[in-house]
Structure formats: structure tokens, C-alpha cells
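Since the structure comes first, as C-alpha cells, the remarks are kept for the end.
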Amino acid sequence: NYHIFYEACAAAATLSGSTNYSFPSILSKDKVKAERTIDLEGFQDLGAFAYLTRSTCKTLRDVDDVEMFERRIAAMQTIGIDPEDISQIFKVVAATLNLGNTKFDAPPGNSEASMVMQECASFLELAAKLLGVEAKGLEAALCNQTRVTRTERIRSPVGVRQAADNRDALAKALYGMIFDIIVANTNNSIGFLPDVKLFVGVLDIFGFECFKMNSFEQLCINFTNERLQ
């Protein structure tokens, strides 16, 4: 769920001059399946991320985010997620946050096109690195649209607002992919059989809500609600 964004940032904030988190550092070693090092490259104090600062609530009373971070990892180990897959999950989560810090501006002399602002280039480059793609290719994908006809592919630039929408759409898609992967692993761990009809009832699930100012957390809640229904 969306708490992982805050928890991973809290864990990264405990590191000094390194991105490697030693798991477990808080939980007892006999409470986890395996000790390991988690690379938290791309995470930092949550105040640095646009997606996490749209809400006034950044911490929960009597909740240790670092401890909960370790409990998330322990839970992923319990349902059988491969250690390499756990690493990749955190890379995608970090990439999502860094994407959110990417802002756009119109190139000189072309108000109908867009480009990544120079002061945000480092966030785009880090997101691209975490996703395993070229930064220039990622920028081109966000700042252009491609139309496919019967005979050719037509590529044209998009404006600043559309580029920002593309960025948010990609962030949502990445979050959705991670959600699907974890659900699939959970199903496998409990012996889910696709040819057997099962019913799971969820009581008092968060409802879809649209506020005057929709926070990142509300987006995640609404998205999860849609998927579960």
C-alpha cells in the first residue's frame, strides 16, 4: 500500500553516506526468513518528494515507519517473493517518487512543446537509472506522443501540461504494476487456483472520494479500491 513510500524514505533517512540498508536492523533476526541488504538508492527524506508533500500528514502517531518498513520486507519474504524481485520492487517505488519531482518547461521558441527543466534533470536521470532505461528516451516518451497509422508512425511534441499528465500516468502505471505483482505472489503463496471460483468479501473498504485537493495518498487509496472491486 502507499505507506511503503513513507516507510522506505524513513529507512533511507537513517543511513549515512550509503544507500544500503541492513535488514533486519530493528526486528529480531529470528522473526525474518533471511538477512539481507536492501539498496535504497533513490529514496531520501520524504520532504524532498512532491508526491509526498501534498498532504499535511506525514507521520502517524505511535507508528515507527522504519519498523514497519522491515515488517513489509518480512511479509514479502513470507509470501515467497524472490530477493531480487524485492530489490526491483523498491527500485520501481523509488523511480515513481523521482518521476514526481520531474517538472517541464517549454523550449525556447516553441510554446507548444515541452522539455524537462534543467533543475529537475537529476530526478529524471535517477528515475531512468532505476527503471533501466535511457534518460533521453524517458524524456522523449513524456514530452512526445506517437500516432500509428496504417503506413507510418507520427511523432509530435506535447505541451507542458500534457507532459506533466504523462508523467503522472506513468507513475500510476508503475504503482499499478507493483500492486499486481504483489497480489499475484500473494495468490501463489496461498495456493490460488485460477479454475476454482472463490469469493473474498471486504468489509468497510475505503470508498472512492474526490476532494478539492486530492493528495497522493488519496490517489493510491482510490486506485487500490478500483482494483479490489
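By order of appearance in the C-alpha cells: chains A, B, ..., then residues from 1 within every chain, and ligands from 1 in the order shown.
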List every residue of range 56-183 of chain A that DSSP, applied to the backbone, labels as helix (DSSP H, G or I), and write the result as number ranges by chain. A: 65-78, 83-100, 118-131, 135-143, 160-183
Any chance you could tabulate, as a tab-separated table, the residues of range 18-104 of chain A at most 10 Å from range 132-153 of chain A with each one's nearest atom pair and distance in Å to one decimal, using only C-alpha atoms, in chain and rising number order?
```
residue	atom	partner	partner_atom	distance
A:Lys91	CA	A:Gly132	CA	9.6
A:Val92	CA	A:Gly132	CA	9.9
A:Thr102	CA	A:Glu139	CA	9.8
A:Phe104	CA	A:Cys143	CA	8.7
```
With C-alpha atoms kept, could you save the residues just selected as an mmCIF file, in the first residue's frame?
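File produced: out_29.cif:
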```cif
data_model
loop_
_atom_site.group_PDB
_atom_site.id
_atom_site.type_symbol
_atom_site.label_atom_id
_atom_site.label_comp_id
_atom_site.auth_asym_id
_atom_site.auth_seq_id
_atom_site.Cartn_x
_atom_site.Cartn_y
_atom_site.Cartn_z
ATOM 1 C CA LYS A 91 13.675 0.417 -7.439
ATOM 2 C CA VAL A 92 10.304 0.972 -9.092
ATOM 3 C CA THR A 102 10.237 15.998 -12.705
ATOM 4 C CA PHE A 104 8.593 20.642 -17.503
#
```
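Using only C-alpha atoms for every distance, the candidate list A:Thr56, A:Ile38, A:Phe43, A:Glu119 yields A:Ile38 as the residue closest to Glu84 in chain A.
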Please, which residues in range 48-70 of chain A fall within 12 Å of range 27-30 of chain A when counting only C-alpha atoms, and what is the closest atom pair and distance in Å to one decimal for each, ordered by chain then residue number, as CSV?
```
residue,atom,partner,partner_atom,distance
A:Asp64,CA,A:Leu27,CA,11.8
A:Val66,CA,A:Leu27,CA,10.0
A:Glu67,CA,A:Leu27,CA,7.1
A:Met68,CA,A:Leu27,CA,9.6
A:Phe69,CA,A:Leu27,CA,10.2
A:Glu70,CA,A:Leu27,CA,7.0
```
Any idea what the distance is between CA of Gln88 in chain A and CA of Gln162 in chain A? 28.4 Å
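Residues of range 65-206 of chain A carrying a DSSP assignment of strand (DSSP E), computed from the backbone, are Phe104, Asp105, Met115, Val116, Asn144, Gln145, Thr146, Arg147, Val148, Arg153, Ile154, Arg155, Ser156 and Pro157 of chain A.
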Those same residues - all heavy atoms - I'd like them written as a compact mmCIF listing (two decimals), in the first residue's frame.
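This is the output file selection31.txt:
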```txt
# COMPACT_ATOMS: atom_id res chain seq x y z
N PHE A 104 8.39 20.36 -16.09
CA PHE A 104 8.59 20.64 -17.50
C PHE A 104 8.48 22.13 -17.81
O PHE A 104 7.82 22.88 -17.08
CB PHE A 104 7.56 19.86 -18.33
CG PHE A 104 7.60 18.38 -18.09
CD1 PHE A 104 6.82 17.80 -17.09
CD2 PHE A 104 8.42 17.54 -18.84
CE1 PHE A 104 6.84 16.43 -16.85
CE2 PHE A 104 8.46 16.18 -18.60
CZ PHE A 104 7.67 15.63 -17.60
N ASP A 105 9.12 22.50 -18.90
CA ASP A 105 9.05 23.87 -19.38
C ASP A 105 9.01 23.83 -20.90
O ASP A 105 9.37 22.81 -21.50
CB ASP A 105 10.27 24.67 -18.89
CG ASP A 105 10.04 26.17 -18.95
OD1 ASP A 105 8.93 26.59 -19.37
OD2 ASP A 105 10.95 26.93 -18.58
N MET A 115 9.91 20.23 -22.40
CA MET A 115 11.20 19.63 -22.09
C MET A 115 11.35 19.60 -20.57
O MET A 115 10.70 20.36 -19.86
CB MET A 115 12.35 20.43 -22.71
CG MET A 115 12.40 21.87 -22.25
SD MET A 115 13.69 22.86 -23.07
CE MET A 115 15.13 22.19 -22.24
N VAL A 116 12.17 18.70 -20.08
CA VAL A 116 12.41 18.62 -18.63
C VAL A 116 13.23 19.83 -18.20
O VAL A 116 14.25 20.16 -18.83
CB VAL A 116 13.13 17.32 -18.26
CG1 VAL A 116 13.52 17.31 -16.79
CG2 VAL A 116 12.25 16.12 -18.58
N ASN A 144 6.50 13.67 -25.82
CA ASN A 144 6.01 13.47 -27.18
C ASN A 144 4.86 12.46 -27.17
O ASN A 144 4.71 11.68 -26.24
CB ASN A 144 7.12 12.95 -28.09
CG ASN A 144 8.21 13.97 -28.31
OD1 ASN A 144 8.13 14.81 -29.18
ND2 ASN A 144 9.26 13.89 -27.48
N GLN A 145 4.08 12.50 -28.21
CA GLN A 145 3.05 11.48 -28.42
C GLN A 145 3.24 10.88 -29.80
O GLN A 145 3.70 11.55 -30.73
CB GLN A 145 1.65 12.07 -28.29
CG GLN A 145 1.30 13.14 -29.31
CD GLN A 145 -0.10 13.69 -29.10
OE1 GLN A 145 -0.83 13.23 -28.25
NE2 GLN A 145 -0.47 14.71 -29.88
N THR A 146 2.91 9.60 -29.91
CA THR A 146 3.09 8.89 -31.18
C THR A 146 1.75 8.39 -31.68
O THR A 146 1.01 7.74 -30.94
CB THR A 146 4.06 7.71 -31.00
OG1 THR A 146 5.32 8.19 -30.52
CG2 THR A 146 4.27 6.98 -32.33
N ARG A 147 1.46 8.71 -32.92
CA ARG A 147 0.24 8.23 -33.57
C ARG A 147 0.64 7.19 -34.62
O ARG A 147 1.56 7.43 -35.40
CB ARG A 147 -0.52 9.37 -34.22
CG ARG A 147 -1.03 10.44 -33.26
CD ARG A 147 -1.80 11.52 -34.01
NE ARG A 147 -2.34 12.54 -33.11
CZ ARG A 147 -1.67 13.61 -32.72
NH1 ARG A 147 -0.42 13.79 -33.14
NH2 ARG A 147 -2.23 14.49 -31.91
N VAL A 148 -0.04 6.08 -34.61
CA VAL A 148 0.27 5.00 -35.55
C VAL A 148 -0.82 4.92 -36.59
O VAL A 148 -2.00 4.73 -36.27
CB VAL A 148 0.41 3.65 -34.81
CG1 VAL A 148 0.74 2.54 -35.79
CG2 VAL A 148 1.48 3.74 -33.72
N ARG A 153 4.41 5.87 -38.43
CA ARG A 153 4.28 6.32 -37.04
C ARG A 153 4.61 7.81 -37.01
O ARG A 153 5.70 8.22 -37.43
CB ARG A 153 5.25 5.55 -36.13
CG ARG A 153 4.96 4.05 -36.07
CD ARG A 153 6.09 3.31 -35.37
NE ARG A 153 6.22 3.69 -33.98
CZ ARG A 153 5.59 3.06 -32.98
NH1 ARG A 153 4.78 2.04 -33.25
NH2 ARG A 153 5.76 3.43 -31.74
N ILE A 154 3.69 8.60 -36.51
CA ILE A 154 3.86 10.05 -36.49
C ILE A 154 4.12 10.49 -35.05
O ILE A 154 3.30 10.26 -34.16
CB ILE A 154 2.60 10.75 -37.03
CG1 ILE A 154 2.29 10.26 -38.44
CG2 ILE A 154 2.79 12.27 -37.01
CD1 ILE A 154 0.97 10.77 -38.98
N ARG A 155 5.24 11.11 -34.86
CA ARG A 155 5.64 11.56 -33.52
C ARG A 155 5.56 13.07 -33.46
O ARG A 155 6.12 13.76 -34.31
CB ARG A 155 7.06 11.08 -33.22
CG ARG A 155 7.52 11.37 -31.80
CD ARG A 155 8.89 10.75 -31.61
NE ARG A 155 9.42 10.97 -30.28
CZ ARG A 155 10.60 10.55 -29.88
NH1 ARG A 155 11.37 9.85 -30.72
NH2 ARG A 155 11.02 10.79 -28.66
N SER A 156 4.91 13.60 -32.45
CA SER A 156 4.75 15.04 -32.32
C SER A 156 4.90 15.45 -30.86
O SER A 156 4.57 14.68 -29.95
CB SER A 156 3.39 15.49 -32.86
OG SER A 156 2.34 14.80 -32.22
N PRO A 157 5.39 16.65 -30.60
CA PRO A 157 5.59 17.11 -29.22
C PRO A 157 4.27 17.44 -28.54
O PRO A 157 3.26 17.71 -29.20
CB PRO A 157 6.45 18.36 -29.38
CG PRO A 157 6.11 18.87 -30.75
CD PRO A 157 5.86 17.64 -31.59
```
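As for CA of Tyr175 in chain A and CA of Asn188 in chain A, they are spaced 20.2 Å apart.
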Neighbours of Ala113 in chain A within 7 Å (only C-alpha atoms; same-chain residues fewer than 5 positions away dropped), as a PyMOL selection string? chain A and resi 106-107+157-160
